2 protein chains.
Amino acid sequence: MELNDLISRTGEWLRGTGPSSGAVMSTRVRLARNFIQVPFPNRASKKHLQGILDSVEKAIKKIDHFKNSTVFRMNELDDVDKEFLVERHLMSHEHASNAEGKAVIVSAEEVLSVMVNEEDHLRIQVMNSGLNLFEAWKIISAIDDRLSEELHFAFSPAWGYLTACPTNTGTAMRGSVMLHLPALVMTKQINKVLTAIAKLNFASRGFYGEGTQAIGNFYQISNQGSLGHSEEDILQNINGLIRQVIEQEEQARQALVVQNRPLLEDKIFRSLGILKNAHIMSSQEAVELLSMIRLGAELNILTRLNVQILNELMIMIQPAHLQKIDGNKLSPAARDIKRANLIRNKLGEVS
Amino acid sequence: MELNDLISRTGEWLRGTGPSSGAVMSTRVRLARNFIQVPFPNRASKKHLQGILDSVEKAIKKIDHFKNSTVFRMNELDDVDKEFLVERHLMSHEHASNAEGKAVIVSAEEVLSVMVNEEDHLRIQVMNSGLNLFEAWKIISAIDDRLSEELHFAFSPAWGYLTACPTNTGTAMRGSVMLHLPALVMTKQINKVLTAIAKLNFASRGFYGEGTQAIGNFYQISNQGSLGHSEEDILQNINGLIRQVIEQEEQARQALVVQNRPLLEDKIFRSLGILKNAHIMSSQEAVELLSMIRLGAELNILTRLNVQILNELMIMIQPAHLQKIDGNKLSPAARDIKRANLIRNKLGEVS
């Protein structure tokens with residue numbers, strides 16, 4: 001698989017299916033792992049970093065889960081390529097800078113990706129569609145078991161897995177769920193919910209990851225602590241919390257429908273009308289309008305919309321994707337035109 | 001013809017055809033006439049007012065131009081009916097209050113209408129589509145000739161036709177043209193143009209007549225003075241002025257197309273998208289969006305739009321029209337829903 005092959009593909013996590021997919025876009029579980037007796041990447045020499053990458057590449061050849069996966073080495077990619085992988089949620093923004101010994105390994109369906117030599121030697125991630133923490137855990141746990149047979153990971157019986165940042169030490173696991181909460185936003189309950197989440201020691205982020213603001217009513221909720229509990233306990237806790245948030249979102253949606261259906265329909269159909277007709281569109285506006293028609297689809301107000309296409313658009317309207325699709329470098333103004341064009345075409349097909 | 005028959009009809013002046021119809025919606029010429037030796041309506045007794053109405057009704061029976069016309073007597077109409085006639089530009093807002101002896105006579109195609117006992121005993125109006133001052137004058141002049149044979153109008157060799165308000169004395173004629181000037185508005189040249197028009201002693205008003213603000217980039221321009229010049233001279237002057245304004249509007253449109261076509265297309269298509277999808281819409285927003293898609297049609301950016309339908313919508317989206325179409329009294333909130341519904345249906349047929 002080449003990087004350009006990804007352009008026309010859709011990651012499994014964007015299918016728009018799976019449990020609670022009305023309010024949950026996707027689930028992600030990641031593990032941090034480090035080699036024993038090798039400095040963490042920020043302290044490692046070039047030779048160390050290259051040695052780690054070589055060991056990982058050798059190991060994954062022996063593991064079935066990586067059968068159709070591809071290794072993208074950072075020093076072989078240009079800036080747009082790297083940004084493209086970030087936009088697909090396959091690697092972090094930080095991983096794109098300082099290419100030395102860095103790579104990302106991506107499976108065919110983009111369920112699995114492994115960053116090599118990011119903050120930790122390995123950051124293993126499994127993503128899938130809907131609220132699917134335990135399924136994701138099952139997959140990533142099996143991969144971790146196989147990797148542990150091939151590689152020697154730093155593990156302390158007292159502390160658990162050792163990591164570059166102490167906040168990750170222990171299970172070194174983070175489970176996160178991408179929620180679509182338009183009704184909690186529209187009914188102005190979202191801040192109350194986010195405050196409760198923070199008090200329970202969970203983190204909330206925007207659609208585009210750490211350090212990004214909530215946009216298009218998407219909130220990514222994940223555990224903060226990874227020490228002192230088993231992986232299963234942590235996932236149970238997240239799952240319980242997410243179920244409560246979904247319940248509140250559902251109630252807020254019903255309240256909106258009952259209290260002022262015409263206003264809701266107006267907002268949703270106007271969003272569709274603008275998306276299907278605009279000739280210039282910023283990504284911020286696009287995501288906000290896509291959120292509204294997604295709500296329309298989830299409430300069966302827009303019956304012909306396919307959530308998978310909305311998910312794909314969330315990814316495709318980003319700068320690097322627009323440039324990869326076009327095959328050329330594009331200025332921000334040119335991207336706003338290209339973005340509107342792409343949305344018109346995609347939505348014209350289905351609604 | 002009954003008043004309800006008008007609901008599904010389109011006045012000739014809304015056809016969207018005729019000279020310079022790209023920037024000119026319609027032309028109107030009106031004459032004020034008063035009976036000799038009868039007090040003006042504001043001083044007249046009930047008996048006088050009734051006598052005038054009787055005389056007019058008798059006279060028009062003998063005149064071919066009134067063959068298929070209908071007399072609507074104010075005291076036989078309810079408030080919505082009266083507002084409905086105002087919205088169709090067939091009579092003034094003032095004519096709807098204090099019904100005593102008042103009537104409006106409307107020809108089948110709504111080319112001709114006559115208010116009886118408004119400010120003057122007779123206010124005769126001819127409207128047609130496009131820039132058509134001389135054609136309108138020909139028609140109204142012939143009607144005036146025939147009415148003058150049947151009725152005795154107050155005329156002074158020194159002053160001309162006598163009228164209740166001295167500003168109308170003389171020809172007692174007003175010619176006015178409804179212009180659509182979106183490009184002059186968008187390029188911020190409109191105030192300069194309106195200032196020049198005022199200096200030349202012409203009046204500019206909004207779409208909905210005297211005392212209304214410009215809305216949807218429509219400007220109704222008419223002569224102020226009617227004394228000291230012949231009707232033909234006055235109309236020549238208006239016509240010359242209008243031709244200059246049209247020329248400036250055309251130049252501004254070309255500049256917009258050349259300088260930033262994508263932005264213009266974006267504005268136009270977004271307007272279409274909102275009109276075709278909104279479920280709640282105020283009349284102000286509707287008129288503004290209709291103005292933008294009208295510009296799109298006039299610039300051949302929207303090729304399937306029919307200007308007649310846009311003209312009809314300008315009339316139909318008004319409160320009394322919405323209520324007549326619905327057959328019920330509607331609250332403002334209910335009208336906003338009905339309006340959006342009507343626009344969706346009308347535009348869904350043609351684009």
# chains A, B, ... in the order shown; residues from 1 in each chain; ligands from 1
call {"tool": "interface_residues", "arguments": {"of": "chain B", "to": "chain A", "cutoff": "8 Å", "atoms": "only C-alpha atoms", "output": "list in words"}}
result
Pro262, Leu263, Glu265, Asp266, Lys267, Phe269, Arg270, Leu272, Gly273, Ile274, Lys276, Asn277, Ala278, His279, Ile280 and Ile337 of chain B
call {"tool": "select_by_dssp", "arguments": {"residues": "region 22-101 of chain B", "states": "strand (DSSP E or B)", "output": "JSON, numbers by chain"}}
result
{"B": [24, 25, 26, 27, 28, 29, 30, 31, 32, 33, 35, 70, 71, 72, 73]}
call {"tool": "residues_around", "arguments": {"residues": "Gln284 (chain B)", "least_positions_apart": "3", "cutoff": "8 Å", "atoms": "only C-alpha atoms", "output": "PyMOL selection string"}}
result
chain B and resi 215-216+287-288
call {"tool": "write_last_selection", "arguments": {"atoms": "all heavy atoms", "output": "PDB file, in the first residue's frame"}}
result
ATOM      1  N   ILE B 215     -35.435  47.519   0.231  1.00  0.00           N
ATOM      2  CA  ILE B 215     -35.299  46.149   0.714  1.00  0.00           C
ATOM      3  C   ILE B 215     -35.013  45.288  -0.511  1.00  0.00           C
ATOM      4  O   ILE B 215     -35.551  45.536  -1.590  1.00  0.00           O
ATOM      5  CB  ILE B 215     -36.573  45.706   1.481  1.00  0.00           C
ATOM      6  CG1 ILE B 215     -36.392  44.329   2.112  1.00  0.00           C
ATOM      7  CG2 ILE B 215     -37.811  45.753   0.616  1.00  0.00           C
ATOM      8  CD1 ILE B 215     -37.496  43.954   3.089  1.00  0.00           C
ATOM      9  N   GLY B 216     -34.130  44.325  -0.337  1.00  0.00           N
ATOM     10  CA  GLY B 216     -33.815  43.439  -1.455  1.00  0.00           C
ATOM     11  C   GLY B 216     -33.238  44.172  -2.641  1.00  0.00           C
ATOM     12  O   GLY B 216     -33.395  43.738  -3.776  1.00  0.00           O
ATOM     13  N   VAL B 287     -36.752  38.436   0.968  1.00  0.00           N
ATOM     14  CA  VAL B 287     -36.559  39.426  -0.095  1.00  0.00           C
ATOM     15  C   VAL B 287     -35.074  39.598  -0.395  1.00  0.00           C
ATOM     16  O   VAL B 287     -34.666  39.698  -1.561  1.00  0.00           O
ATOM     17  CB  VAL B 287     -37.222  40.763   0.300  1.00  0.00           C
ATOM     18  CG1 VAL B 287     -36.842  41.846  -0.682  1.00  0.00           C
ATOM     19  CG2 VAL B 287     -38.732  40.602   0.356  1.00  0.00           C
ATOM     20  N   GLU B 288     -34.255  39.587   0.636  1.00  0.00           N
ATOM     21  CA  GLU B 288     -32.814  39.732   0.412  1.00  0.00           C
ATOM     22  C   GLU B 288     -32.240  38.548  -0.372  1.00  0.00           C
ATOM     23  O   GLU B 288     -31.437  38.727  -1.286  1.00  0.00           O
ATOM     24  CB  GLU B 288     -32.089  39.901   1.749  1.00  0.00           C
ATOM     25  CG  GLU B 288     -32.246  41.317   2.292  1.00  0.00           C
ATOM     26  CD  GLU B 288     -31.899  41.462   3.770  1.00  0.00           C
ATOM     27  OE1 GLU B 288     -31.378  40.496   4.362  1.00  0.00           O
ATOM     28  OE2 GLU B 288     -32.169  42.550   4.326  1.00  0.00           O
TER      29      GLU B 288
END
call {"tool": "residues_around", "arguments": {"residues": "region 102-108 of chain B", "least_positions_apart": "3", "cutoff": "7 Å", "atoms": "only C-alpha atoms", "output": "VMD selection string"}}
result
chain B and resid 66 68 to 74 91 99 111 to 118
call {"tool": "closest_residue", "arguments": {"among": "A:Arg123, A:His321, A:His229, A:Arg304", "to": "Asn34 (chain A)", "atoms": "only C-alpha atoms"}}
result
A:Arg123
